[in-house]
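Colleague: Below is the file upload32.cif, which contains mmCIF, C-alpha atoms.
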```
data_input
loop_
_atom_site.label_atom_id
_atom_site.label_comp_id
_atom_site.auth_asym_id
_atom_site.auth_seq_id
_atom_site.Cartn_x
_atom_site.Cartn_y
_atom_site.Cartn_z
CA MET D 17 77.52 97.55 134.99
CA THR D 18 77.37 99.45 131.68
CA LEU D 19 76.87 97.76 128.29
CA LEU D 20 80.52 98.25 127.35
CA GLU D 21 81.60 96.69 130.65
CA ARG D 22 79.40 93.68 129.92
CA LEU D 23 81.05 93.40 126.50
CA GLY D 24 84.57 93.76 127.91
CA LEU D 25 85.14 96.90 125.84
CA HIS D 26 84.84 99.63 128.47
CA ARG D 27 88.36 101.07 128.19
CA ARG D 28 89.97 102.42 125.06
CA GLU D 29 92.93 100.04 125.25
CA LEU D 30 90.50 97.09 125.46
CA ARG D 31 88.61 98.34 122.41
CA ALA D 32 91.88 98.91 120.54
CA TRP D 33 93.05 95.40 121.44
CA ALA D 34 89.76 93.88 120.24
CA MET D 35 90.04 95.70 116.93
CA TYR D 36 92.96 93.46 115.99
CA ASP D 37 90.50 90.55 116.09
CA TRP D 38 88.35 92.58 113.67
CA ALA D 39 91.41 93.21 111.49
CA ASN D 40 92.91 89.73 111.17
CA SER D 41 89.62 87.81 111.04
CA SER D 42 89.18 88.98 107.45
CA PHE D 43 92.22 86.90 106.51
CA TRP D 44 90.78 83.77 108.11
CA THR D 45 87.31 84.12 106.58
CA THR D 46 88.13 85.31 103.06
CA VAL D 47 91.60 83.90 102.39
CA ILE D 48 91.87 80.71 104.42
CA VAL D 49 88.28 79.44 104.29
CA ALA D 50 86.13 80.88 101.52
CA VAL D 51 88.09 82.29 98.58
CA PHE D 52 91.73 81.22 98.30
CA PRO D 53 91.32 77.39 98.40
CA PRO D 54 89.08 77.18 95.29
CA PHE D 55 91.15 79.95 93.62
CA PHE D 56 94.28 77.85 94.19
CA ALA D 57 92.69 74.64 92.91
CA ASP D 58 90.97 76.12 89.85
CA TYR D 59 93.36 78.89 88.77
CA ALA D 60 96.77 78.90 90.45
CA ALA D 61 97.12 75.11 90.09
CA ALA D 62 95.64 74.98 86.59
CA GLY D 63 97.37 72.19 84.69
CA LEU D 64 97.58 69.92 87.71
CA ASP D 65 94.98 67.28 88.34
CA ALA D 66 92.65 67.76 91.30
CA ALA D 67 94.52 65.35 93.57
CA GLN D 68 97.86 67.06 92.90
CA ALA D 69 96.39 70.50 93.58
CA THR D 70 94.84 69.31 96.83
CA ALA D 71 98.08 67.67 97.94
CA ARG D 72 100.15 70.79 97.26
CA PHE D 73 97.67 72.96 99.10
CA ALA D 74 97.64 70.55 102.06
CA TRP D 75 101.44 70.44 102.22
CA THR D 76 101.62 74.23 102.13
CA THR D 77 99.23 74.43 105.07
CA THR D 78 101.12 71.73 106.99
CA ILE D 79 104.49 73.43 106.54
CA ALA D 80 103.06 76.80 107.60
CA VAL D 81 101.55 75.26 110.74
CA ALA D 82 104.83 73.53 111.61
CA VAL D 83 106.91 76.69 111.13
CA SER D 84 104.62 78.85 113.26
CA ALA D 85 104.46 76.15 115.95
CA LEU D 86 108.26 75.88 116.06
CA PHE D 87 109.00 79.58 116.27
CA GLY D 88 106.06 80.70 118.43
CA PRO D 89 107.67 79.87 121.81
CA VAL D 90 111.13 80.99 120.67
CA LEU D 91 110.05 84.42 119.45
CA GLY D 92 107.77 84.63 122.48
CA ALA D 93 110.91 84.48 124.63
CA VAL D 94 112.47 87.28 122.60
CA ALA D 95 109.30 89.38 122.92
CA ASP D 96 109.19 89.03 126.70
CA TYR D 97 112.84 89.72 127.47
CA ARG D 98 113.28 92.50 124.91
CA ALA D 99 109.87 94.16 125.39
CA LEU D 100 109.05 93.52 121.73
CA LYS D 101 105.49 92.19 121.79
CA LYS D 102 104.13 95.03 119.66
CA GLY D 103 107.32 95.30 117.63
CA LEU D 104 107.23 91.66 116.55
CA LEU D 105 103.47 91.80 116.04
CA GLY D 106 104.02 94.77 113.72
CA ALA D 107 106.83 93.05 111.82
CA PHE D 108 104.76 89.95 111.10
CA LEU D 109 101.75 92.12 110.31
CA VAL D 110 103.69 93.88 107.55
CA VAL D 111 104.91 90.55 106.14
CA GLY D 112 101.38 89.07 106.20
CA VAL D 113 99.77 92.13 104.64
CA ALA D 114 102.38 92.24 101.88
CA ALA D 115 101.97 88.54 101.08
CA THR D 116 98.17 88.89 100.99
CA PHE D 117 98.37 91.96 98.74
CA LEU D 118 100.68 90.12 96.34
CA MET D 119 98.13 87.31 95.96
CA ALA D 120 96.43 89.63 93.48
CA THR D 121 99.46 89.21 91.18
CA ILE D 122 99.24 85.39 90.98
CA GLY D 123 98.96 84.19 87.39
CA ARG D 124 97.25 81.15 85.96
CA GLY D 125 99.24 77.98 86.70
CA GLU D 126 101.65 79.77 89.09
CA TRP D 127 100.99 77.35 91.91
CA ILE D 128 104.49 77.60 93.43
CA TYR D 129 104.24 81.39 93.72
CA ALA D 130 100.72 81.06 95.12
CA ALA D 131 101.80 78.42 97.65
CA VAL D 132 104.72 80.56 98.85
CA LEU D 133 102.52 83.62 99.34
CA PHE D 134 99.80 81.60 101.09
CA GLY D 135 102.34 79.86 103.34
CA VAL D 136 104.12 83.09 104.29
CA ALA D 137 100.82 84.83 105.05
CA ASN D 138 99.67 81.88 107.17
CA VAL D 139 102.85 81.92 109.24
CA ALA D 140 102.64 85.70 109.62
CA VAL D 141 99.03 85.79 110.84
CA ALA D 142 99.67 82.91 113.25
CA MET D 143 102.70 84.67 114.72
CA THR D 144 100.85 87.95 115.16
CA LEU D 145 98.27 86.09 117.25
CA VAL D 146 100.98 84.85 119.63
CA PHE D 147 101.92 88.44 120.51
CA TYR D 148 98.36 89.74 120.31
CA GLU D 149 97.00 87.17 122.76
CA SER D 150 99.99 87.66 125.07
CA LEU D 151 98.89 91.29 125.56
CA LEU D 152 95.60 90.17 127.17
CA PRO D 153 96.86 89.71 130.77
CA HIS D 154 98.57 93.12 130.57
CA ILE D 155 95.47 95.12 129.67
CA ALA D 156 92.71 93.22 131.50
CA ARG D 157 92.33 92.47 135.17
CA PRO D 158 91.81 88.77 136.08
CA GLU D 159 88.09 89.25 136.69
CA GLU D 160 87.73 90.96 133.28
CA MET D 161 89.60 88.50 131.10
CA ASP D 162 86.68 86.26 130.14
CA ARG D 163 84.55 89.21 129.04
CA VAL D 164 87.44 90.90 127.22
CA ALA D 165 88.43 87.68 125.41
CA THR D 166 84.89 86.91 124.29
CA GLY D 167 84.37 90.57 123.37
CA GLY D 168 87.43 90.37 121.11
CA PHE D 169 86.17 87.20 119.46
CA ALA D 170 82.75 88.76 118.89
CA VAL D 171 84.34 91.83 117.31
CA GLY D 172 86.35 89.45 115.12
CA PHE D 173 83.19 87.70 113.96
CA VAL D 174 81.80 91.09 112.90
CA GLY D 175 84.93 92.21 111.06
CA GLY D 176 85.53 88.91 109.31
CA GLY D 177 81.86 88.50 108.44
CA VAL D 178 81.33 92.00 107.06
CA LEU D 179 84.29 91.86 104.66
CA LEU D 180 83.43 88.28 103.66
CA VAL D 181 79.92 89.38 102.64
CA ILE D 182 81.38 92.26 100.62
CA ASN D 183 83.91 89.95 98.93
CA LEU D 184 81.28 87.33 98.11
CA ALA D 185 79.03 90.02 96.63
CA TRP D 186 81.87 91.07 94.31
CA ILE D 187 82.54 87.47 93.30
CA LEU D 188 78.91 86.44 92.77
CA SER D 189 78.02 89.56 90.75
CA PRO D 190 81.17 91.31 89.49
CA ALA D 191 79.36 93.35 86.84
CA THR D 192 77.21 95.01 89.51
CA PHE D 193 80.38 96.54 90.97
CA GLY D 194 82.00 97.45 87.66
CA LEU D 195 84.41 94.51 87.69
CA PRO D 196 85.18 92.75 84.41
CA ASP D 197 84.90 89.15 85.64
CA VAL D 198 84.99 86.80 88.64
CA LEU D 199 88.80 86.54 88.54
CA ALA D 200 89.14 90.30 88.96
CA ALA D 201 86.68 90.17 91.86
CA ILE D 202 88.67 87.40 93.57
CA LYS D 203 91.94 89.28 93.20
CA LEU D 204 90.32 92.47 94.46
CA SER D 205 89.14 90.55 97.53
CA PHE D 206 92.78 89.71 98.38
CA VAL D 207 93.70 93.40 98.12
CA SER D 208 90.74 94.33 100.32
CA VAL D 209 91.83 91.83 102.99
CA ALA D 210 95.36 93.26 103.03
CA LEU D 211 94.10 96.83 103.42
CA TRP D 212 91.45 95.85 105.98
CA TRP D 213 94.00 93.92 108.05
CA LEU D 214 96.46 96.82 108.01
CA LEU D 215 93.97 99.65 108.60
CA PHE D 216 92.13 98.14 111.54
CA SER D 217 95.37 97.11 113.25
CA ILE D 218 96.32 100.75 113.78
CA PRO D 219 94.28 101.25 117.02
CA LEU D 220 96.25 98.50 118.78
CA PHE D 221 99.57 100.19 118.05
CA ARG D 222 98.22 103.59 119.09
CA ARG D 223 96.31 102.67 122.25
CA VAL D 224 97.78 99.47 123.74
CA PRO D 225 101.02 100.10 125.67
CA GLU D 226 104.02 97.84 125.26
CA PRO D 227 104.40 95.78 128.47
CA PRO D 228 107.72 96.14 130.29
CA ALA D 229 110.46 93.62 129.66
CA ALA D 230 110.53 90.54 131.86
CA GLU D 231 113.30 90.41 134.42
CA ALA D 232 116.35 88.71 133.03
CA ARG D 233 117.04 85.18 134.18
CA GLU D 234 120.41 83.95 135.31
CA PRO D 235 122.70 83.80 132.27
CA VAL D 236 123.12 80.43 130.60
CA GLU D 237 126.85 79.77 130.37
CA GLY D 238 128.25 78.89 126.97
CA ILE D 239 125.07 79.69 125.05
CA GLY D 240 125.32 82.15 122.19
CA SER D 241 122.77 84.84 121.46
CA VAL D 242 121.29 82.87 118.52
CA ARG D 243 120.67 79.71 120.56
CA LEU D 244 119.63 81.54 123.71
CA PRO D 245 115.92 82.06 122.78
CA PHE D 246 115.61 78.33 122.07
CA VAL D 247 117.12 77.52 125.46
CA ARG D 248 114.79 80.01 127.19
CA ALA D 249 111.80 78.47 125.42
CA TRP D 250 112.84 74.98 126.57
CA GLN D 251 113.22 76.27 130.14
CA THR D 252 109.76 77.83 129.94
CA PHE D 253 108.27 74.51 128.81
CA HIS D 254 109.70 72.84 131.91
CA GLU D 255 108.36 75.68 134.07
CA LEU D 256 104.95 75.24 132.48
CA ARG D 257 104.87 71.51 133.21
CA GLN D 258 106.24 71.73 136.75
CA GLY D 259 105.43 75.15 138.19
CA HIS D 260 102.16 75.81 136.34
CA ARG D 261 100.69 72.33 136.18
CA GLN D 262 97.08 73.57 136.01
CA ALA D 263 97.86 75.72 132.96
CA PHE D 264 99.60 72.73 131.39
CA LEU D 265 96.58 70.48 132.04
CA LEU D 266 94.38 73.12 130.42
CA LEU D 267 96.62 73.04 127.34
CA VAL D 268 96.27 69.26 127.13
CA ALA D 269 92.49 69.52 127.45
CA PHE D 270 92.46 72.30 124.85
CA LEU D 271 94.54 70.19 122.46
CA LEU D 272 92.00 67.36 122.72
CA TYR D 273 88.69 69.21 122.48
CA ASN D 274 90.01 71.75 119.98
CA ASP D 275 91.05 68.82 117.80
CA GLY D 276 87.38 67.91 117.66
CA ILE D 277 86.36 71.50 116.95
CA GLN D 278 88.91 71.89 114.14
CA THR D 279 87.88 68.56 112.62
CA ILE D 280 84.27 69.74 112.38
CA ILE D 281 85.41 73.01 110.78
CA ARG D 282 87.81 71.35 108.31
CA MET D 283 85.62 68.40 107.32
CA ALA D 284 82.26 70.19 107.15
CA ALA D 285 82.60 71.20 103.50
CA ILE D 286 83.71 67.75 102.35
CA TYR D 287 81.04 65.96 104.36
CA GLY D 288 78.40 68.47 103.23
CA ALA D 289 79.31 67.94 99.58
CA GLU D 290 79.11 64.18 100.08
CA VAL D 291 75.51 64.39 101.28
CA GLY D 292 74.56 66.78 98.50
CA ILE D 293 74.97 70.32 99.94
CA ASN D 294 76.01 72.63 97.10
CA ARG D 295 78.85 75.15 97.26
CA ASN D 296 76.65 78.25 97.47
CA ALA D 297 74.69 76.80 100.37
CA GLN D 298 77.95 75.99 102.15
CA ILE D 299 79.22 79.56 101.72
CA ALA D 300 75.91 80.94 103.01
CA ALA D 301 76.13 78.61 106.01
CA PHE D 302 79.63 79.87 106.78
CA VAL D 303 78.37 83.45 106.73
CA LEU D 304 75.62 82.33 109.13
CA VAL D 305 78.27 80.97 111.51
CA GLN D 306 79.98 84.37 111.53
CA PHE D 307 76.90 86.36 112.43
CA VAL D 308 75.37 83.87 114.87
CA GLY D 309 78.75 83.88 116.58
CA ILE D 310 78.57 87.59 117.43
CA PRO D 311 75.82 87.55 120.11
CA CYS D 312 76.52 83.98 121.21
CA THR D 313 80.19 84.64 121.92
CA LEU D 314 79.19 87.61 124.06
CA LEU D 315 76.63 85.44 125.87
CA PHE D 316 79.38 82.93 126.67
CA GLY D 317 81.40 85.75 128.23
CA ALA D 318 78.41 86.67 130.40
CA ALA D 319 77.82 83.02 131.27
CA ALA D 320 81.44 82.64 132.33
CA GLY D 321 80.92 85.47 134.82
CA ARG D 322 78.09 83.51 136.42
CA MET D 323 79.21 79.89 136.23
CA GLY D 324 82.95 80.21 135.60
CA ALA D 325 84.88 79.87 132.33
CA ARG D 326 85.60 76.17 132.82
CA ASN D 327 81.92 75.30 133.26
CA ALA D 328 80.98 77.42 130.24
CA ILE D 329 83.49 75.45 128.16
CA PHE D 330 81.84 72.23 129.39
CA VAL D 331 78.51 73.55 128.07
CA ALA D 332 80.12 74.20 124.68
CA LEU D 333 81.56 70.67 124.58
CA VAL D 334 78.13 69.18 125.29
CA ILE D 335 76.70 71.18 122.37
CA TYR D 336 79.56 70.11 120.11
CA THR D 337 78.82 66.49 121.02
CA GLY D 338 75.21 67.11 120.00
CA ILE D 339 76.41 68.61 116.72
CA SER D 340 78.33 65.41 115.96
CA VAL D 341 75.29 63.26 116.73
CA LEU D 342 72.98 65.43 114.63
CA GLY D 343 75.56 65.50 111.84
CA TYR D 344 75.28 61.73 111.63
CA PHE D 345 71.61 62.11 110.67
CA MET D 346 72.06 65.11 108.31
CA THR D 347 70.43 64.67 104.89
CA THR D 348 69.17 68.07 103.69
CA THR D 349 70.37 71.65 103.21
CA TRP D 350 68.27 72.94 106.08
CA HIS D 351 69.93 70.37 108.35
CA PHE D 352 73.28 71.80 107.29
CA PHE D 353 72.13 75.33 108.12
CA ALA D 354 70.83 74.19 111.52
CA LEU D 355 74.19 72.63 112.33
CA ALA D 356 75.96 75.79 111.15
CA GLY D 357 73.83 77.78 113.56
CA LEU D 358 74.78 75.47 116.43
CA VAL D 359 78.48 75.78 115.53
CA GLY D 360 78.11 79.57 115.51
CA MET D 361 76.63 79.38 119.00
CA VAL D 362 79.71 77.75 120.55
CA GLN D 363 82.74 78.24 118.29
CA GLY D 364 83.79 81.70 119.47
CA GLY D 365 82.86 81.21 123.11
CA SER D 366 84.77 77.96 123.55
CA GLN D 367 87.95 79.31 121.97
CA ALA D 368 87.80 82.75 123.61
CA LEU D 369 87.28 81.31 127.09
CA SER D 370 90.11 78.84 126.54
CA ARG D 371 92.56 81.67 125.92
CA SER D 372 91.26 83.84 128.77
CA LEU D 373 91.38 80.92 131.21
CA PHE D 374 94.95 80.18 130.17
CA ALA D 375 95.88 83.87 130.49
CA ARG D 376 94.70 83.85 134.12
CA MET D 377 96.95 80.91 135.01
CA ILE D 378 100.30 82.11 133.64
CA PRO D 379 102.82 84.74 134.83
CA LYS D 380 101.99 87.81 132.80
CA HIS D 381 105.60 89.02 132.60
CA LYS D 382 106.31 85.94 130.44
CA SER D 383 102.97 85.90 128.62
CA SER D 384 104.46 85.79 125.10
CA GLU D 385 106.50 82.70 125.90
CA TYR D 386 103.52 80.93 127.41
CA PHE D 387 101.18 81.97 124.61
CA GLY D 388 103.82 80.69 122.21
CA PHE D 389 103.15 77.24 123.66
CA PHE D 390 99.40 77.91 123.58
CA SER D 391 99.90 78.54 119.86
CA VAL D 392 101.77 75.23 119.47
CA PHE D 393 98.90 73.29 121.06
CA GLU D 394 96.36 75.30 119.05
CA LYS D 395 98.14 74.69 115.73
CA PHE D 396 98.56 70.94 116.21
CA ALA D 397 94.90 70.57 117.16
CA GLY D 398 93.21 69.27 114.05
CA VAL D 399 95.92 66.75 113.17
CA ALA D 400 94.60 63.67 114.98
CA GLY D 401 90.92 64.43 114.32
CA PRO D 402 91.05 64.33 110.51
CA ALA D 403 93.27 61.23 110.77
CA LEU D 404 90.66 59.48 112.92
CA PHE D 405 87.96 60.72 110.55
CA ALA D 406 89.79 59.18 107.59
CA ALA D 407 90.44 55.94 109.47
CA SER D 408 86.76 55.69 110.41
CA VAL D 409 85.72 56.12 106.78
CA THR D 410 88.17 53.38 105.79
CA ILE D 411 87.04 50.97 108.51
CA PHE D 412 83.29 51.55 108.37
CA GLY D 413 83.00 52.68 104.75
CA SER D 414 80.93 55.71 105.74
CA SER D 415 81.55 59.36 106.60
CA ARG D 416 78.55 59.21 108.93
CA ALA D 417 80.42 56.89 111.28
CA ALA D 418 83.43 59.22 111.02
CA VAL D 419 81.30 62.15 112.19
CA LEU D 420 80.45 60.23 115.36
CA SER D 421 84.15 59.42 115.97
CA VAL D 422 84.82 63.12 116.62
CA ILE D 423 82.88 62.79 119.89
CA LEU D 424 85.89 61.00 121.37
CA PHE D 425 87.87 64.25 121.33
CA PHE D 426 85.17 66.19 123.15
CA VAL D 427 84.83 63.48 125.79
CA ALA D 428 88.60 63.15 126.29
CA GLY D 429 89.06 66.91 126.47
CA ALA D 430 86.25 67.23 128.99
CA VAL D 431 87.76 64.49 131.16
CA VAL D 432 91.12 66.28 131.30
CA LEU D 433 89.37 69.61 131.87
CA THR D 434 87.69 68.19 135.01
CA ARG D 435 91.19 67.85 136.50
CA VAL D 436 92.03 71.55 135.99
CA ASP D 437 91.88 73.43 139.30
CA VAL D 438 91.35 77.02 138.19
CA ALA D 439 91.83 78.55 141.65
CA GLU D 440 95.14 76.72 142.11
CA GLY D 441 96.25 77.74 138.62
CA GLU D 442 95.56 81.39 139.40
CA ALA D 443 97.44 81.04 142.70
CA GLN D 444 100.44 79.56 140.87
CA ALA D 445 100.42 82.52 138.49
CA ARG D 446 100.33 85.01 141.39
CA ARG D 447 103.25 83.28 143.09
CA SER D 448 105.32 83.70 139.91
CA ALA D 449 104.52 87.40 139.52
#
```
Please, can you express the file's structure as structure tokens?

Modeller:
Amino acid sequence: MTLLERLGLHRRELRAWAMYDWANSSFWTTVIVAVFPPFFADYAAAGLDAAQATARFAWTTTIAVAVSALFGPVLGAVADYRALKKGLLGAFLVVGVAATFLMATIGRGEWIYAAVLFGVANVAVAMTLVFYESLLPHIARPEEMDRVATGGFAVGFVGGGVLLVINLAWILSPATFGLPDVLAAIKLSFVSVALWWLLFSIPLFRRVPEPPAAEAREPVEGIGSVRLPFVRAWQTFHELRQGHRQAFLLLVAFLLYNDGIQTIIRMAAIYGAEVGINRNAQIAAFVLVQFVGIPCTLLFGAAAGRMGARNAIFVALVIYTGISVLGYFMTTTWHFFALAGLVGMVQGGSQALSRSLFARMIPKHKSSEYFGFFSVFEKFAGVAGPALFAASVTIFGSSRAAVLSVILFFVAGAVVLTRVDVAEGEAQARRSA
């Protein structure tokens, strides 16, 4: 087996598909995580107190998640039955790129304008991932999917990490790059993300073929063309629960353990600040996660080939449990960096293998619809975890106890995952082909 085969990048359409991970990861790293949140709080929401700024930012994120979760399955149905996976991906790509580019025009105190742009861009990038991930079963054979999925995630870590380092260099030392001040550097970083996202998406549209339309179902009497996609999506949900029970169980397991994963990601900065980790150290630790994730995600793809994707996910959940335990004892900056390294080891592998395992257990001619529901479960992961985290702080008066509470999600997810019969799930998918 050649190196590219081991990486899941041995055909040009696979490499082109993976490049979209490279392209959109820049939005997640620079805009969602590292740069836009403090820009919103300190500049766009200037004039509001800190609590108001945080609340408006949180509501913007919540609304964006809800909108993308609602329309993912519906537009997935449209994509499958109209052969519009790439078309809809392209449409949302343009919207997301435009919204990100316009972030550079946000003025001081213009928090409504900033929230609208951030919300629109969040919905757009989430929707592109529905159609992007639904292409996986059309370009990769079942035995290749784990390697291709982890290869895509690894490529994403590279793309997101490289541009993040460039953006942080601009922001930390604007004069070195001929920029007048930090604000100009921040706004330039938004422009760079928009261009990066657009430019590196081109290979997918050039090299990945549009899958054929799914065969039309029996017409639904009395249903108009506007309501029809919603009806189809509801029918697909029933099919998922009844005809593809193993895929549905995987989604439930994914919802649980991914809730734990997202809680660690979302609460790390707050918890780190509480124990005295400064902002620069936190940013450096996030960059570490990106670059540790590159080889480790690929190693998870190789491990899945030997032990199976489900067992590799179990390994990741054990490590995440260890991260929660070690987080309880964290006191110093080097502890924070050590935990960041452990997160980098398992973050990409666990998520990539979850999507490839799901892709193997669904009918590929309706992949957009099914990945629409995967997106719903993915988006709502991270709701219960922070709530439990907050409740634990209230009850025990300590964030350390809250860190341990996250273990419940990894244990619950692992328990449900033990009930997933991968071979039966793959057989159900073949019977629906």

Colleague: For this structure, which residues satisfy the selection - the PyMOL selection byres ((chain D and resi 186) around 8) - when it is evaluated on the file as given? I want them as an MDAnalysis selection string.

Modeller: chainID D and resid 182:185 187:190 192:193 195 198 201:202 205

Colleague: Looking at D:Ala368, D:Gly259, D:Ala137, D:Ala74, which one is nearest to Ser448 in chain D, with distances taken over all atoms listed in the file?

Modeller: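 Of D:Ala368, D:Gly259, D:Ala137, D:Ala74, the one nearest Ser448 in chain D, counting all atoms listed in the file, is D:Gly259.
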
Colleague: Going by the chain IDs and residue numbers used in this file, which residues fall under the PyMOL selection byres ((chain D and resi 445) around 12)? Write them as a JSON list (two decimals) with C-alpha atoms, in the frame of the given file.

Modeller:
```
[["chain", "number", "residue", "atom", "x", "y", "z"],
["D", 153, "PRO", "CA", 96.86, 89.71, 130.77],
["D", 158, "PRO", "CA", 91.81, 88.77, 136.08],
["D", 255, "GLU", "CA", 108.36, 75.68, 134.07],
["D", 256, "LEU", "CA", 104.95, 75.24, 132.48],
["D", 259, "GLY", "CA", 105.43, 75.15, 138.19],
["D", 260, "HIS", "CA", 102.16, 75.81, 136.34],
["D", 261, "ARG", "CA", 100.69, 72.33, 136.18],
["D", 262, "GLN", "CA", 97.08, 73.57, 136.01],
["D", 263, "ALA", "CA", 97.86, 75.72, 132.96],
["D", 373, "LEU", "CA", 91.38, 80.92, 131.21],
["D", 374, "PHE", "CA", 94.95, 80.18, 130.17],
["D", 375, "ALA", "CA", 95.88, 83.87, 130.49],
["D", 376, "ARG", "CA", 94.70, 83.85, 134.12],
["D", 377, "MET", "CA", 96.95, 80.91, 135.01],
["D", 378, "ILE", "CA", 100.30, 82.11, 133.64],
["D", 379, "PRO", "CA", 102.82, 84.74, 134.83],
["D", 380, "LYS", "CA", 101.99, 87.81, 132.80],
["D", 381, "HIS", "CA", 105.60, 89.02, 132.60],
["D", 382, "LYS", "CA", 106.31, 85.94, 130.44],
["D", 383, "SER", "CA", 102.97, 85.90, 128.62],
["D", 386, "TYR", "CA", 103.52, 80.93, 127.41],
["D", 438, "VAL", "CA", 91.35, 77.02, 138.19],
["D", 439, "ALA", "CA", 91.83, 78.55, 141.65],
["D", 440, "GLU", "CA", 95.14, 76.72, 142.11],
["D", 441, "GLY", "CA", 96.25, 77.74, 138.62],
["D", 442, "GLU", "CA", 95.56, 81.39, 139.40],
["D", 443, "ALA", "CA", 97.44, 81.04, 142.70],
["D", 444, "GLN", "CA", 100.44, 79.56, 140.87],
["D", 446, "ARG", "CA", 100.33, 85.01, 141.39],
["D", 447, "ARG", "CA", 103.25, 83.28, 143.09],
["D", 448, "SER", "CA", 105.32, 83.70, 139.91],
["D", 449, "ALA", "CA", 104.52, 87.40, 139.52]]
```

Colleague: I need the residue nearest Val136 in chain D from this list: D:Gly92, D:Val83, D:Ala403, D:Tyr148. Use all atoms listed in the file for the distance.

Modeller: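 Of D:Gly92, D:Val83, D:Ala403, D:Tyr148, the one nearest Val136 in chain D, counting all atoms listed in the file, is D:Val83.
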
Colleague: Show me, as a ChimeraX atom specification, the residues that have an atom within 9 Å of Gly112 in chain D when counting all atoms listed in the file, minus same-chain residues fewer than 2 positions from it.

Modeller: /D:107-110,114-117,133,136-141,210

Colleague: For the atom pair CA of Val268 in chain D and CA of Val436 in chain D, what is the interatomic distance in Å to one decimal place?

Modeller: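 Separating CA of Val268 in chain D from CA of Val436 in chain D is a distance of 10.1 Å.
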
Colleague: May I ask for the distance between CA of Glu159 in chain D and CA of Leu369 in chain D, given in Å to one decimal place?

Modeller: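 It comes out at 12.5 Å.
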
Colleague: With a distance cut-off of 7 Å and all atoms listed in the file, select the neighbouring residues of range 53-62 of chain D, excluding the residue or stretch itself and same-chain residues fewer than 5 positions from it, and output the selection as a list in words.

Modeller: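 What passes the distance filter is Ile48, Ala69, Thr70, Ile122, Gly123, Arg124, Gly125, Glu126, Trp127 and Ala130 of chain D.
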
Colleague: As a CSV table (one decimal), in the frame of the given file, please: range 291-304 of chain D completed to N, CA and C atoms.

Modeller:
```csv
chain,number,residue,atom,x,y,z
D,291,VAL,N,77.0,64.6,101.1
D,291,VAL,CA,75.5,64.4,101.3
D,291,VAL,C,74.7,65.3,100.4
D,292,GLY,N,75.3,66.1,99.5
D,292,GLY,CA,74.6,66.8,98.5
D,292,GLY,C,74.3,68.3,98.7
D,293,ILE,N,75.1,68.9,99.7
D,293,ILE,CA,75.0,70.3,99.9
D,293,ILE,C,75.8,71.1,98.9
D,294,ASN,N,75.2,72.0,98.1
D,294,ASN,CA,76.0,72.6,97.1
D,294,ASN,C,76.9,73.7,97.7
D,295,ARG,N,77.8,74.2,96.8
D,295,ARG,CA,78.8,75.2,97.3
D,295,ARG,C,78.2,76.5,97.8
D,296,ASN,N,77.3,77.0,97.1
D,296,ASN,CA,76.6,78.2,97.5
D,296,ASN,C,76.0,78.1,98.8
D,297,ALA,N,75.3,77.0,99.1
D,297,ALA,CA,74.7,76.8,100.4
D,297,ALA,C,75.8,76.7,101.5
D,298,GLN,N,76.9,76.1,101.2
D,298,GLN,CA,78.0,76.0,102.2
D,298,GLN,C,78.5,77.4,102.5
D,299,ILE,N,78.7,78.2,101.5
D,299,ILE,CA,79.2,79.6,101.7
D,299,ILE,C,78.2,80.4,102.6
D,300,ALA,N,76.9,80.2,102.2
D,300,ALA,CA,75.9,80.9,103.0
D,300,ALA,C,75.9,80.5,104.5
D,301,ALA,N,76.1,79.2,104.7
D,301,ALA,CA,76.1,78.6,106.0
D,301,ALA,C,77.3,79.1,106.8
D,302,PHE,N,78.5,79.3,106.1
D,302,PHE,CA,79.6,79.9,106.8
D,302,PHE,C,79.4,81.3,107.2
D,303,VAL,N,78.7,82.1,106.4
D,303,VAL,CA,78.4,83.4,106.7
D,303,VAL,C,77.4,83.4,107.9
D,304,LEU,N,76.5,82.5,108.0
D,304,LEU,CA,75.6,82.3,109.1
D,304,LEU,C,76.4,82.1,110.4
```
